[in-house]
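Shown below: coords.cif, with mmCIF, C-alpha atoms.
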data_data
#
loop_
_atom_site.label_atom_id
_atom_site.label_comp_id
_atom_site.auth_asym_id
_atom_site.auth_seq_id
_atom_site.Cartn_x
_atom_site.Cartn_y
_atom_site.Cartn_z
CA MET A 778 0.00 0.00 0.00
CA THR A 779 1.17 3.51 -0.82
CA VAL A 780 0.22 6.77 0.83
CA PHE A 781 -0.68 9.42 -1.76
CA GLU A 782 -0.70 13.01 -0.53
CA VAL A 783 -3.69 14.92 -1.92
CA PHE A 784 -3.31 18.53 -3.05
CA ARG A 785 -6.52 20.30 -3.88
CA GLN A 786 -7.22 23.29 -6.10
CA GLU A 787 -10.49 24.94 -5.25
CA ARG A 788 -10.89 27.01 -8.41
CA LYS A 789 -8.93 27.27 -11.63
CA GLY A 790 -5.99 29.63 -11.23
CA GLN A 791 -5.67 29.13 -7.48
CA PRO A 792 -2.71 27.39 -5.85
CA PHE A 793 -2.88 23.71 -4.96
CA ALA A 794 -3.02 23.27 -1.19
CA HIS A 795 -2.39 20.13 0.81
CA ALA A 796 -5.76 18.66 1.84
CA GLY A 797 -4.98 15.20 3.26
CA SER A 798 -3.98 11.78 2.01
CA VAL A 799 -5.35 8.47 0.77
CA GLU A 800 -3.76 5.04 1.12
CA ALA A 801 -4.07 2.79 -1.92
CA PRO A 802 -2.37 -0.15 -3.59
CA ASP A 803 -1.85 1.80 -6.83
CA ALA A 804 -2.64 5.05 -8.65
CA ALA A 805 -5.94 3.74 -10.07
CA PHE A 806 -7.35 3.03 -6.61
CA ALA A 807 -5.91 6.29 -5.27
CA ASP A 808 -7.67 8.10 -8.13
CA ALA A 809 -11.03 6.54 -7.25
CA TRP A 810 -10.75 7.25 -3.54
CA ALA A 811 -9.46 10.79 -3.90
CA ARG A 812 -12.34 11.65 -6.28
CA GLU A 813 -14.76 10.27 -3.71
CA GLN A 814 -13.22 11.96 -0.69
CA TYR A 815 -12.15 15.31 -2.12
CA GLY A 816 -14.34 16.01 -5.12
CA ARG A 817 -17.76 14.48 -4.65
CA ARG A 818 -19.58 17.81 -4.23
CA GLY A 819 -17.69 19.66 -6.94
CA GLU A 820 -15.55 21.35 -4.27
CA SER A 821 -12.34 20.91 -6.26
CA ALA A 822 -11.31 22.12 -9.71
CA ALA A 823 -8.37 19.70 -9.74
CA LEU A 824 -6.45 17.32 -7.50
CA TRP A 825 -2.78 16.31 -7.48
CA LEU A 826 -2.00 12.88 -6.08
CA VAL A 827 1.64 12.45 -5.14
CA PRO A 828 3.13 9.26 -3.70
CA ARG A 829 4.52 10.34 -0.34
CA GLY A 830 7.92 8.84 -1.17
CA SER A 831 8.23 11.15 -4.18
CA ILE A 832 8.07 14.29 -2.08
CA HIS A 833 11.43 15.85 -1.41
CA ALA A 834 10.84 18.06 1.61
CA ILE A 835 13.07 20.89 2.82
CA THR A 836 12.49 22.16 6.34
CA ASP A 837 15.90 23.27 7.59
CA TRP A 838 17.07 26.68 6.55
CA ALA A 839 20.73 27.34 7.28
CA ASP A 840 21.85 30.97 7.26
CA GLU A 841 25.57 30.68 8.04
CA PHE A 842 26.45 33.72 5.99
CA ASP A 843 23.80 36.00 7.45
CA LEU A 844 22.08 36.86 4.18
CA LYS A 845 19.74 39.40 5.74
CA TYR A 846 20.87 42.08 3.30
CA ARG A 847 18.74 40.30 0.70
CA ARG A 848 15.54 40.82 2.67
CA VAL A 849 13.45 43.71 3.89
CA ASP A 850 14.12 42.77 7.53
CA GLY A 851 17.85 43.14 6.86
CA TYR A 852 17.55 46.92 6.88
CA SER A 853 16.84 48.85 10.05
CA ILE A 854 16.92 52.44 8.92
CA LYS A 855 14.94 53.97 11.78
CA ALA A 856 17.89 55.03 13.98
CA ARG A 857 19.99 56.21 11.06
CA LEU A 858 17.13 58.20 9.57
CA LYS A 859 16.58 59.92 12.92
CA GLU A 860 20.25 60.78 13.15
CA ALA A 861 20.34 62.06 9.59
CA ARG A 862 17.28 64.28 10.14
CA GLU A 863 18.69 65.75 13.33
CA ARG A 864 21.94 66.38 11.61
CA ALA A 865 20.20 68.18 8.77
CA LEU A 866 18.47 70.52 11.26
CA GLY A 867 21.53 71.00 13.50
CA PRO A 868 24.55 73.36 13.39
CA ALA A 869 25.69 71.90 10.09
CA ALA A 870 22.48 73.18 8.51
CA GLU A 871 22.92 76.71 9.95
CA SER A 872 26.38 77.07 8.52
CA ARG A 873 25.07 76.31 5.01
CA MET B 574 9.74 16.66 31.21
CA ASP B 575 12.94 17.08 29.20
CA ALA B 576 14.02 20.37 27.65
CA ARG B 577 12.98 19.34 24.14
CA THR B 578 9.46 18.41 25.28
CA GLN B 579 9.25 21.61 27.30
CA GLU B 580 10.14 23.62 24.22
CA PHE B 581 7.56 21.71 22.15
CA LEU B 582 4.86 22.34 24.76
CA ALA B 583 5.64 26.05 24.88
CA TYR B 584 5.50 26.15 21.06
CA VAL B 585 2.05 24.55 20.79
CA GLN B 586 0.71 26.57 23.74
CA ASP B 587 1.75 29.70 21.89
CA GLY B 588 -0.48 28.66 18.96
CA GLY B 589 2.21 26.79 17.00
CA GLN B 590 1.24 23.89 14.74
CA VAL B 591 3.27 20.80 13.87
CA GLU B 592 3.38 18.44 10.90
CA ALA B 593 3.50 14.64 10.67
CA THR B 594 7.20 14.77 9.83
CA ASP B 595 8.15 16.89 12.88
CA TRP B 596 9.51 15.39 16.07
CA LEU B 597 6.61 14.79 18.48
CA PRO B 598 6.87 13.93 22.19
CA GLU B 599 5.59 10.39 22.79
CA GLU B 600 2.95 11.56 25.24
CA TYR B 601 1.61 14.06 22.68
CA ARG B 602 1.51 11.36 20.00
CA GLN B 603 -0.40 8.98 22.29
CA LYS B 604 -2.90 11.66 23.34
CA LEU B 605 -3.44 12.61 19.69
CA ILE B 606 -4.03 9.02 18.63
CA LYS B 607 -6.53 8.47 21.45
CA PHE B 608 -8.44 11.64 20.60
CA ILE B 609 -8.40 11.22 16.82
CA GLU B 610 -9.27 7.52 17.02
CA MET B 611 -12.30 8.32 19.21
CA HIS B 612 -13.38 10.96 16.70
CA GLY B 613 -13.04 8.53 13.76
CA ASN B 614 -14.91 5.82 15.66
CA SER B 615 -17.71 8.29 16.40
CA GLU B 616 -18.09 9.14 12.71
CA LEU B 617 -18.18 5.46 11.79
CA MET B 618 -20.57 4.39 14.58
CA GLY B 619 -22.58 7.60 14.26
CA VAL B 620 -24.03 6.56 10.92
CA LEU B 621 -25.72 3.50 12.40
CA PRO B 622 -28.64 5.23 14.17
CA GLU B 623 -29.41 7.16 10.96
CA ARG B 624 -28.81 4.23 8.66
CA GLU B 625 -31.76 2.49 10.32
CA TRP B 626 -33.97 5.23 8.84
CA ILE B 627 -32.85 5.20 5.23
CA LEU B 628 -35.46 2.56 4.34
CA LYS B 629 -38.10 4.21 6.55
CA ALA B 630 -37.59 7.85 5.47
CA PRO B 631 -40.93 9.55 4.67
CA THR B 632 -40.08 10.75 1.14
CA LEU B 633 -37.65 9.90 -1.65
CA GLN B 634 -35.91 13.24 -1.18
CA ARG B 635 -35.36 12.57 2.54
CA LYS B 636 -34.10 9.11 1.69
CA LEU B 637 -31.52 10.54 -0.71
CA ALA B 638 -30.45 13.28 1.70
CA LEU B 639 -30.04 10.79 4.53
CA THR B 640 -28.03 8.45 2.30
CA ALA B 641 -25.76 11.35 1.30
CA LYS B 642 -25.26 12.24 4.95
CA VAL B 643 -24.36 8.67 5.90
CA GLN B 644 -21.90 8.62 3.00
CA ASP B 645 -20.34 11.89 4.24
CA GLU B 646 -19.90 10.60 7.79
CA VAL B 647 -18.22 7.41 6.63
CA GLY B 648 -15.99 9.61 4.45
CA HIS B 649 -15.08 11.65 7.55
CA ALA B 650 -14.12 8.43 9.32
CA GLN B 651 -11.84 7.58 6.37
CA LEU B 652 -10.10 10.98 6.53
CA ILE B 653 -9.71 10.82 10.29
CA TYR B 654 -8.42 7.24 10.39
CA ARG B 655 -5.80 8.21 7.79
CA VAL B 656 -4.44 10.83 10.21
CA ALA B 657 -4.36 8.27 13.05
CA GLU B 658 -2.58 5.78 10.80
CA ASP B 659 0.11 8.34 10.01
CA LEU B 660 0.62 8.80 13.74
CA GLY B 661 1.39 5.11 14.03
CA LYS B 662 -1.80 3.17 14.71
CA PRO B 663 -2.81 0.74 11.91
CA ARG B 664 -6.47 0.64 10.91
CA GLU B 665 -6.85 -3.06 11.80
CA GLU B 666 -5.76 -2.22 15.33
CA ILE B 667 -8.19 0.70 15.49
CA PHE B 668 -11.07 -1.59 14.47
CA ALA B 669 -9.97 -4.31 16.90
CA ASP B 670 -9.89 -1.82 19.79
CA LEU B 671 -13.28 -0.41 18.80
CA LEU B 672 -14.90 -3.85 18.72
CA SER B 673 -13.28 -5.06 21.95
CA GLY B 674 -14.47 -1.94 23.77
CA LYS B 675 -10.94 -0.69 24.45
CA ALA B 676 -11.56 2.44 22.36
CA LYS B 677 -14.63 4.60 22.77
CA PHE B 678 -17.11 6.49 20.62
CA HIS B 679 -19.40 9.41 21.47
CA ASN B 680 -22.24 8.86 23.96
CA VAL B 681 -24.98 10.01 21.58
CA PHE B 682 -24.41 7.07 19.24
CA HIS B 683 -25.24 4.48 21.90
CA TYR B 684 -28.97 5.36 21.99
CA PRO B 685 -31.94 4.03 20.01
CA THR B 686 -33.89 6.08 17.44
CA LYS B 687 -37.59 5.58 18.06
CA SER B 688 -39.22 7.83 15.46
CA TRP B 689 -38.51 10.13 12.51
CA GLY B 690 -38.48 12.91 15.13
CA ASP B 691 -35.27 11.39 16.53
CA VAL B 692 -33.69 11.57 13.07
CA GLY B 693 -34.47 15.30 12.94
CA VAL B 694 -33.15 15.95 16.44
CA ILE B 695 -29.96 14.00 15.73
CA ALA B 696 -29.32 15.74 12.41
CA TRP B 697 -30.01 19.17 13.88
CA LEU B 698 -28.91 19.19 17.53
CA VAL B 699 -26.45 16.30 17.79
CA ASP B 700 -24.70 17.61 14.69
CA ALA B 701 -24.80 21.13 16.12
CA ALA B 702 -23.12 19.95 19.32
CA ALA B 703 -20.55 18.04 17.24
CA ILE B 704 -19.78 20.96 14.94
CA ILE B 705 -18.96 23.13 17.97
CA SER B 706 -16.28 20.62 19.00
CA GLN B 707 -15.08 20.22 15.42
CA LYS B 708 -14.80 23.93 14.69
CA ALA B 709 -12.56 24.21 17.74
CA LEU B 710 -10.32 21.57 16.12
CA LEU B 711 -9.61 23.86 13.16
CA LYS B 712 -6.98 25.37 15.49
CA CYS B 713 -5.59 21.99 16.63
CA SER B 714 -1.82 22.00 17.22
CA TYR B 715 -1.53 18.98 14.91
CA ALA B 716 -1.83 20.58 11.47
CA PRO B 717 -2.78 17.50 9.35
CA TYR B 718 -5.81 16.99 11.63
CA ALA B 719 -6.74 20.68 11.53
CA ARG B 720 -6.59 20.64 7.71
CA ILE B 721 -9.02 17.75 7.21
CA MET B 722 -11.35 19.42 9.70
CA LYS B 723 -11.97 22.18 7.13
CA LYS B 724 -13.67 19.75 4.78
CA ILE B 725 -15.49 18.02 7.62
CA CYS B 726 -16.94 21.26 9.02
CA TRP B 727 -17.97 22.33 5.54
CA GLU B 728 -20.01 19.14 5.09
CA GLU B 729 -21.41 19.27 8.63
CA SER B 730 -22.95 22.67 7.95
CA PHE B 731 -25.08 21.03 5.26
CA HIS B 732 -26.07 18.31 7.72
CA ILE B 733 -27.34 20.83 10.26
CA LEU B 734 -29.41 22.53 7.58
CA HIS B 735 -30.85 19.17 6.56
CA GLY B 736 -31.74 18.48 10.21
CA ARG B 737 -33.35 21.88 10.65
CA ASP B 738 -35.38 21.32 7.52
CA VAL B 739 -36.63 17.95 8.81
CA ILE B 740 -37.61 19.58 12.13
CA LEU B 741 -39.30 22.58 10.46
CA ALA B 742 -41.31 20.30 8.17
CA MET B 743 -42.65 18.46 11.21
CA MET B 744 -43.21 21.61 13.29
CA THR B 745 -45.29 23.13 10.50
CA GLY B 746 -47.23 19.85 10.10
CA THR B 747 -49.83 18.20 12.30
CA ASP B 748 -50.12 18.07 16.08
CA SER B 749 -48.95 14.47 16.12
CA GLN B 750 -45.85 15.45 14.10
CA ARG B 751 -45.07 18.22 16.60
CA ALA B 752 -45.54 15.71 19.41
CA LEU B 753 -42.97 13.39 17.78
CA VAL B 754 -40.39 16.20 17.78
CA GLN B 755 -41.08 17.10 21.41
CA GLU B 756 -40.82 13.44 22.49
CA ALA B 757 -37.55 13.08 20.62
CA LEU B 758 -36.16 16.26 22.22
CA ASP B 759 -37.17 14.91 25.64
CA ARG B 760 -35.24 11.71 24.92
CA TRP B 761 -32.15 13.44 23.53
CA TRP B 762 -31.73 16.35 25.93
CA ALA B 763 -29.83 14.42 28.63
CA PRO B 764 -27.34 12.85 26.18
CA LEU B 765 -26.91 16.27 24.50
CA MET B 766 -26.04 17.91 27.81
CA GLN B 767 -23.53 15.16 28.55
CA PHE B 768 -22.02 15.32 25.06
CA HIS B 769 -19.24 17.86 25.71
CA GLY B 770 -18.06 16.06 28.83
CA ASN B 771 -17.77 16.97 32.48
CA PRO B 772 -16.88 20.58 33.26
CA ILE B 773 -13.25 20.04 34.28
CA PRO B 774 -11.27 23.28 34.14
CA ARG B 775 -9.50 23.36 30.81
CA ASP B 776 -6.08 23.70 32.46
CA GLU B 777 -6.60 20.23 33.92
CA ASP B 778 -7.59 18.77 30.56
CA PRO B 779 -4.58 17.10 28.88
CA MET B 780 -6.19 17.66 25.46
CA TRP B 781 -6.16 21.40 26.15
CA LEU B 782 -2.66 21.30 27.66
CA TRP B 783 -1.24 20.03 24.34
CA ARG B 784 -3.65 22.29 22.39
CA ILE B 785 -5.27 19.31 20.71
CA LYS B 786 -8.54 20.97 21.73
CA SER B 787 -8.73 24.74 21.66
CA GLN B 788 -11.54 25.09 24.18
CA GLY B 789 -12.70 23.53 27.43
CA ASN B 790 -15.74 21.25 27.83
CA GLU B 791 -17.91 23.80 29.59
CA GLU B 792 -17.06 26.52 27.05
CA ALA B 793 -18.32 24.19 24.31
CA ARG B 794 -21.54 23.40 26.19
CA GLN B 795 -22.20 27.11 26.85
CA GLN B 796 -21.71 27.82 23.17
CA PHE B 797 -24.20 25.08 22.30
CA LEU B 798 -26.81 26.44 24.75
CA GLU B 799 -26.31 30.03 23.61
CA GLY B 800 -26.64 29.09 19.96
CA TYR B 801 -29.43 26.54 20.03
CA VAL B 802 -31.75 26.93 23.03
CA PRO B 803 -33.27 30.13 21.57
CA GLN B 804 -33.77 28.28 18.26
CA ILE B 805 -35.52 25.44 20.11
CA TRP B 806 -37.73 27.83 22.06
CA GLU B 807 -38.78 29.88 19.05
CA LEU B 808 -40.36 26.78 17.51
CA GLY B 809 -42.57 26.35 20.56
CA LEU B 810 -40.66 23.32 21.86
CA THR B 811 -39.99 22.80 25.56
CA VAL B 812 -36.53 21.93 26.83
CA PRO B 813 -37.02 19.25 29.51
CA ASP B 814 -34.98 21.01 32.20
CA PRO B 815 -36.87 23.29 34.64
CA ASN B 816 -33.56 24.81 35.81
CA LEU B 817 -32.38 25.90 32.38
CA ARG B 818 -31.99 29.68 32.15
CA ARG B 819 -29.71 32.34 30.78
CA GLY B 820 -28.17 34.61 33.37
CA ASP B 821 -27.78 38.38 32.91
CA ASP B 822 -24.07 37.72 32.38
CA GLY B 823 -24.91 35.48 29.39
CA VAL B 824 -23.95 32.30 31.24
CA TRP B 825 -26.45 29.44 31.12
CA THR B 826 -27.35 27.46 34.22
CA TYR B 827 -28.85 24.00 33.98
CA SER B 828 -29.51 20.86 36.02
CA GLU B 829 -26.37 18.84 36.64
CA PRO B 830 -26.09 16.27 33.82
CA ASP B 831 -25.87 12.63 34.89
CA TRP B 832 -22.12 12.01 34.61
CA ASP B 833 -22.48 8.41 35.80
CA GLU B 834 -24.78 7.72 32.87
CA LEU B 835 -22.21 9.26 30.50
CA LYS B 836 -19.45 7.07 31.90
CA SER B 837 -21.55 3.94 31.76
CA VAL B 838 -22.76 4.63 28.20
CA VAL B 839 -19.34 5.35 26.67
CA THR B 840 -17.85 2.27 28.27
CA GLY B 841 -20.24 0.11 26.27
CA HIS B 842 -23.25 -0.07 28.58
CA GLY B 843 -25.62 2.14 26.61
CA PRO B 844 -29.00 0.86 25.40
CA ARG B 845 -27.65 0.10 21.88
CA SER B 846 -23.85 -0.16 22.46
CA GLN B 847 -23.46 -3.90 22.04
CA GLU B 848 -26.01 -4.23 19.26
CA ARG B 849 -24.23 -1.57 17.15
CA LEU B 850 -20.78 -3.00 17.83
CA ALA B 851 -22.05 -6.45 16.79
CA PHE B 852 -23.43 -4.89 13.60
CA ARG B 853 -20.07 -3.27 12.86
CA ALA B 854 -18.25 -6.54 13.57
CA ARG B 855 -20.53 -8.43 11.18
CA PHE B 856 -19.90 -5.96 8.36
CA LEU B 857 -16.15 -5.92 8.90
CA GLU B 858 -16.17 -9.69 8.55
CA GLN B 859 -18.57 -9.67 5.61
CA GLU B 860 -16.46 -7.13 3.68
CA LYS B 861 -13.10 -8.66 4.46
CA TRP B 862 -12.89 -10.07 0.93
CA VAL B 863 -12.98 -6.52 -0.50
CA ARG B 864 -10.00 -5.45 1.60
CA ASP B 865 -8.16 -8.66 0.74
CA THR B 866 -8.80 -8.13 -2.97
CA VAL B 867 -7.63 -4.52 -2.89
CA LEU B 868 -4.50 -5.41 -0.92
CA ALA B 869 -3.71 -8.17 -3.40
CA ALA B 870 -4.07 -5.76 -6.36
#

Rewrite the coordinates I just gave you, this time as structure tokens.
Amino acid sequence: MTVFEVFRQERKGQPFAHAGSVEAPDAAFADAWAREQYGRRGESAALWLVPRGSIHAITDWADEFDLKYRRVDGYSIKARLKEARERALGPAAESR
Amino acid sequence: MDARTQEFLAYVQDGGQVEATDWLPEEYRQKLIKFIEMHGNSELMGVLPEREWILKAPTLQRKLALTAKVQDEVGHAQLIYRVAEDLGKPREEIFADLLSGKAKFHNVFHYPTKSWGDVGVIAWLVDAAAIISQKALLKCSYAPYARIMKKICWEESFHILHGRDVILAMMTGTDSQRALVQEALDRWWAPLMQFHGNPIPRDEDPMWLWRIKSQGNEEARQQFLEGYVPQIWELGLTVPDPNLRRGDDGVWTYSEPDWDELKSVVTGHGPRSQERLAFRARFLEQEKWVRDTVLAA
């Protein structure tokens, strides 16, 4: 028996989201059971059945090199902006 | 409790959800299996009282609707058992424990259905009580269980509507039809009040501790009373509890439910417990060839 993960698309154009799984001896049985359990009322536009063993999952995210500069949260401009504004209004500004 | 378990507990108590592939503390896994197995068993056993009425339904349309509902509930059992299997309990073992009485199913499915009025009360109020528990599971710390609950709640909302329609048809019918509904409500009120379990504080409930459930027993019962007693009253029905009232603070008071009856019923001593388990055992045996054929495919 193989566990097939079921991904369901509610309407055309929407992403497929994991909905559950069915256990079946082969793809033909998995097809029949997934139709019955996830599409009987027309609640799905499409289903993807993926044998669990075929899923390559990634859950660990190493960040040894501190790649924050590639993201929005890598920039904390608040303090610097404050300093720059004060500086612009301070003695340096008067002497201009 | 070791540091890793402590960290896990803090994570789920903070609203975190985990996946089947994550590390789970053994105690959490066991509690989950017990809870999910009981839920699956209740779906599977819960179709039996209604199944008895498919052949006796008053119209073809009711017959079809009831059949569809029974099909849905068995489908829910399939989805739920799948989650329990992934947690490590094979389906054969789940069935064996159900039949031997080691595993339980909900109290309301141990009672007889005497008239079509019972079918209406079950489909409306028993399903209403169940959907309150199930909606709270949408936030379960175990994400695969929470995800299938979306589909289950979606189908349950149709079941409640079906039940309400059955009740409304009878309440707008003859006096004897109205009497059937009232009699059924009288029979079902005690089991309904026991349904959400004894009012232990949620902090003492291990299912709340691990955030398998997201609300306490009494919170669920209060929600049921607040939502449905006014609906019962507006139809001219009487709730068979002289102490039932809503306080100014919005909290309902009621006669103490019979917790001994609840305990006795869910441990297999209800009026129909053994009969329904024997029925399930017979069908498992009778359909064994289908499972054998599929496994040999």

- [ ] Extract, using only C-alpha atoms, all DNA, RNA and protein residues at most 12 Å from Lys789 in chain A, discarding same-chain residues fewer than 6 positions from it, and format them as a list in words.
- [x] Glu820, Ser821, Ala822, Ala823 and Leu824 of chain A

What are the closest atom pairs, with distances in Å to one decimal, for all residues of chain B lying within 10 Å of chain A? Consider only C-alpha atoms, order rows by chain and residue number, and present the result as CSV.
residue,atom,partner,partner_atom,distance
B:Thr594,CA,A:Ala834,CA,9.6
B:Asp595,CA,A:Thr836,CA,9.5
B:Gln644,CA,A:Glu813,CA,9.9
B:Asp645,CA,A:Gln814,CA,8.7
B:Val647,CA,A:Gln814,CA,10.0
B:Gly648,CA,A:Gln814,CA,6.3
B:His649,CA,A:Gln814,CA,8.5
B:Gln651,CA,A:Gln814,CA,8.4
B:Leu652,CA,A:Gly797,CA,7.4
B:Ile653,CA,A:Gly797,CA,9.5
B:Arg655,CA,A:Ser798,CA,7.0
B:Val656,CA,A:Gly797,CA,8.2
B:Glu658,CA,A:Glu800,CA,9.8
B:Asp659,CA,A:Val780,CA,9.3
B:Pro717,CA,A:Gly797,CA,6.9
B:Tyr718,CA,A:Gly797,CA,8.6
B:Ala719,CA,A:Ala796,CA,9.9
B:Arg720,CA,A:Ala796,CA,6.3
B:Ile721,CA,A:Gly797,CA,6.2
B:Met722,CA,A:Ala796,CA,9.7
B:Lys723,CA,A:Ala796,CA,8.9
B:Lys724,CA,A:Tyr815,CA,8.3
B:Glu728,CA,A:Arg818,CA,9.4
B:Val867,CA,A:Pro802,CA,6.9
B:Leu868,CA,A:Pro802,CA,6.3
B:Ala869,CA,A:Pro802,CA,8.1
B:Ala870,CA,A:Pro802,CA,6.5

Open item on the list: Just checking: using only C-alpha atoms, which residue out of B:Ile740, B:Cys713, B:Ile785, B:Leu798 ends up closest to Val692 in chain B?
Closed with: B:Ile740

Open item on the list: To test your reading of the syntax: which residues would the PyMOL selection byres ((chain B and resi 852) around 12) return for the file shown? Reply as a PyMOL selection string.
Closed with: chain B and resi 617-618+620-622+624-625+672+845-851+853-859

Selection above as a file: C-alpha atoms, as a PDB file, in the coordinates of the input:
ATOM      1  CA  LEU B 617     -18.180   5.460  11.790  1.00  0.00           C
ATOM      2  CA  MET B 618     -20.570   4.390  14.580  1.00  0.00           C
ATOM      3  CA  VAL B 620     -24.030   6.560  10.920  1.00  0.00           C
ATOM      4  CA  LEU B 621     -25.720   3.500  12.400  1.00  0.00           C
ATOM      5  CA  PRO B 622     -28.640   5.230  14.170  1.00  0.00           C
ATOM      6  CA  ARG B 624     -28.810   4.230   8.660  1.00  0.00           C
ATOM      7  CA  GLU B 625     -31.760   2.490  10.320  1.00  0.00           C
ATOM      8  CA  LEU B 672     -14.900  -3.850  18.720  1.00  0.00           C
ATOM      9  CA  ARG B 845     -27.650   0.100  21.880  1.00  0.00           C
ATOM     10  CA  SER B 846     -23.850  -0.160  22.460  1.00  0.00           C
ATOM     11  CA  GLN B 847     -23.460  -3.900  22.040  1.00  0.00           C
ATOM     12  CA  GLU B 848     -26.010  -4.230  19.260  1.00  0.00           C
ATOM     13  CA  ARG B 849     -24.230  -1.570  17.150  1.00  0.00           C
ATOM     14  CA  LEU B 850     -20.780  -3.000  17.830  1.00  0.00           C
ATOM     15  CA  ALA B 851     -22.050  -6.450  16.790  1.00  0.00           C
ATOM     16  CA  ARG B 853     -20.070  -3.270  12.860  1.00  0.00           C
ATOM     17  CA  ALA B 854     -18.250  -6.540  13.570  1.00  0.00           C
ATOM     18  CA  ARG B 855     -20.530  -8.430  11.180  1.00  0.00           C
ATOM     19  CA  PHE B 856     -19.900  -5.960   8.360  1.00  0.00           C
ATOM     20  CA  LEU B 857     -16.150  -5.920   8.900  1.00  0.00           C
ATOM     21  CA  GLU B 858     -16.170  -9.690   8.550  1.00  0.00           C
ATOM     22  CA  GLN B 859     -18.570  -9.670   5.610  1.00  0.00           C
TER      23      GLN B 859
END

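Take CA of Ala696 in chain B and CA of Leu734 in chain B: the distance between them is 8.3 Å.
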
- [ ] Please write as a count of residues only the full residue list that the PyMOL selection byres ((chain B and resi 629-634) around 12) yields on this file.
- [x] 26

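Reported to one decimal place, the separation of CA of Val812 in chain B from CA of Leu710 in chain B is 28.3 Å.
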
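Pairwise distance (CA of Ser615 in chain B, CA of Glu665 in chain B) equals 16.4 Å.
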
Task: Point (-7.3, 17.9, 27.2), cut-off 12 Å, counting only C-alpha atoms, residues as a PyMOL selection string - done: chain B and resi 601+604-605+607-608+713+770-790

Just the selected residues (C-alpha atoms), exported as a PDB file, in the coordinates of the input, please.
ATOM      1  CA  TYR B 601       1.610  14.060  22.680  1.00  0.00           C
ATOM      2  CA  LYS B 604      -2.900  11.660  23.340  1.00  0.00           C
ATOM      3  CA  LEU B 605      -3.440  12.610  19.690  1.00  0.00           C
ATOM      4  CA  LYS B 607      -6.530   8.470  21.450  1.00  0.00           C
ATOM      5  CA  PHE B 608      -8.440  11.640  20.600  1.00  0.00           C
ATOM      6  CA  CYS B 713      -5.590  21.990  16.630  1.00  0.00           C
ATOM      7  CA  GLY B 770     -18.060  16.060  28.830  1.00  0.00           C
ATOM      8  CA  ASN B 771     -17.770  16.970  32.480  1.00  0.00           C
ATOM      9  CA  PRO B 772     -16.880  20.580  33.260  1.00  0.00           C
ATOM     10  CA  ILE B 773     -13.250  20.040  34.280  1.00  0.00           C
ATOM     11  CA  PRO B 774     -11.270  23.280  34.140  1.00  0.00           C
ATOM     12  CA  ARG B 775      -9.500  23.360  30.810  1.00  0.00           C
ATOM     13  CA  ASP B 776      -6.080  23.700  32.460  1.00  0.00           C
ATOM     14  CA  GLU B 777      -6.600  20.230  33.920  1.00  0.00           C
ATOM     15  CA  ASP B 778      -7.590  18.770  30.560  1.00  0.00           C
ATOM     16  CA  PRO B 779      -4.580  17.100  28.880  1.00  0.00           C
ATOM     17  CA  MET B 780      -6.190  17.660  25.460  1.00  0.00           C
ATOM     18  CA  TRP B 781      -6.160  21.400  26.150  1.00  0.00           C
ATOM     19  CA  LEU B 782      -2.660  21.300  27.660  1.00  0.00           C
ATOM     20  CA  TRP B 783      -1.240  20.030  24.340  1.00  0.00           C
ATOM     21  CA  ARG B 784      -3.650  22.290  22.390  1.00  0.00           C
ATOM     22  CA  ILE B 785      -5.270  19.310  20.710  1.00  0.00           C
ATOM     23  CA  LYS B 786      -8.540  20.970  21.730  1.00  0.00           C
ATOM     24  CA  SER B 787      -8.730  24.740  21.660  1.00  0.00           C
ATOM     25  CA  GLN B 788     -11.540  25.090  24.180  1.00  0.00           C
ATOM     26  CA  GLY B 789     -12.700  23.530  27.430  1.00  0.00           C
ATOM     27  CA  ASN B 790     -15.740  21.250  27.830  1.00  0.00           C
TER      28      ASN B 790
END

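Residues surrounding Pro830 in chain B within 10 Å are B:Trp762, B:Ala763, B:Pro764, B:Leu765, B:Met766, B:Gln767, B:Phe768, B:Gly770, B:Asn771 [all atoms listed in the file; sequence separation below 6 positions excluded].
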
Task: Result set of the PyMOL selection byres ((chain B and resi 811) around 12) on the coordinates above, as a PyMOL selection string - done: chain B and resi 751-752+754-759+762+802-810+812-815+817

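Closest approach to Glu729 in chain B among B:Asn680, B:Gln707, B:Gln795, B:Thr747 is made by B:Gln707 (distances from all atoms listed in the file).
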
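Compared by their closest atoms to Trp761 in chain B, and using all atoms listed in the file, the residues B:Ala657, B:Met611, B:Val699, B:Ile667 rank with B:Val699 nearest.
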
Enclose the full set of atoms of range 726-737 of chain B listed in the file within a box whose edges lie along x, y and z, apply 8 Å of padding to each of the six sides, and report centre and edge lengths in Å to one decimal as lines of an AutoDock Vina configuration file.
center_x = -25.1
center_y = 20.5
center_z = 7.9
size_x = 32.4
size_y = 20.4
size_z = 21.6

- [ ] Might you pull out every residue within 7 Å of Leu826 in chain A, with all atoms listed in the file counted and same-chain residues fewer than 6 positions away left off, and present them as an MDAnalysis selection string?
- [x] chainID A and resid 781:784
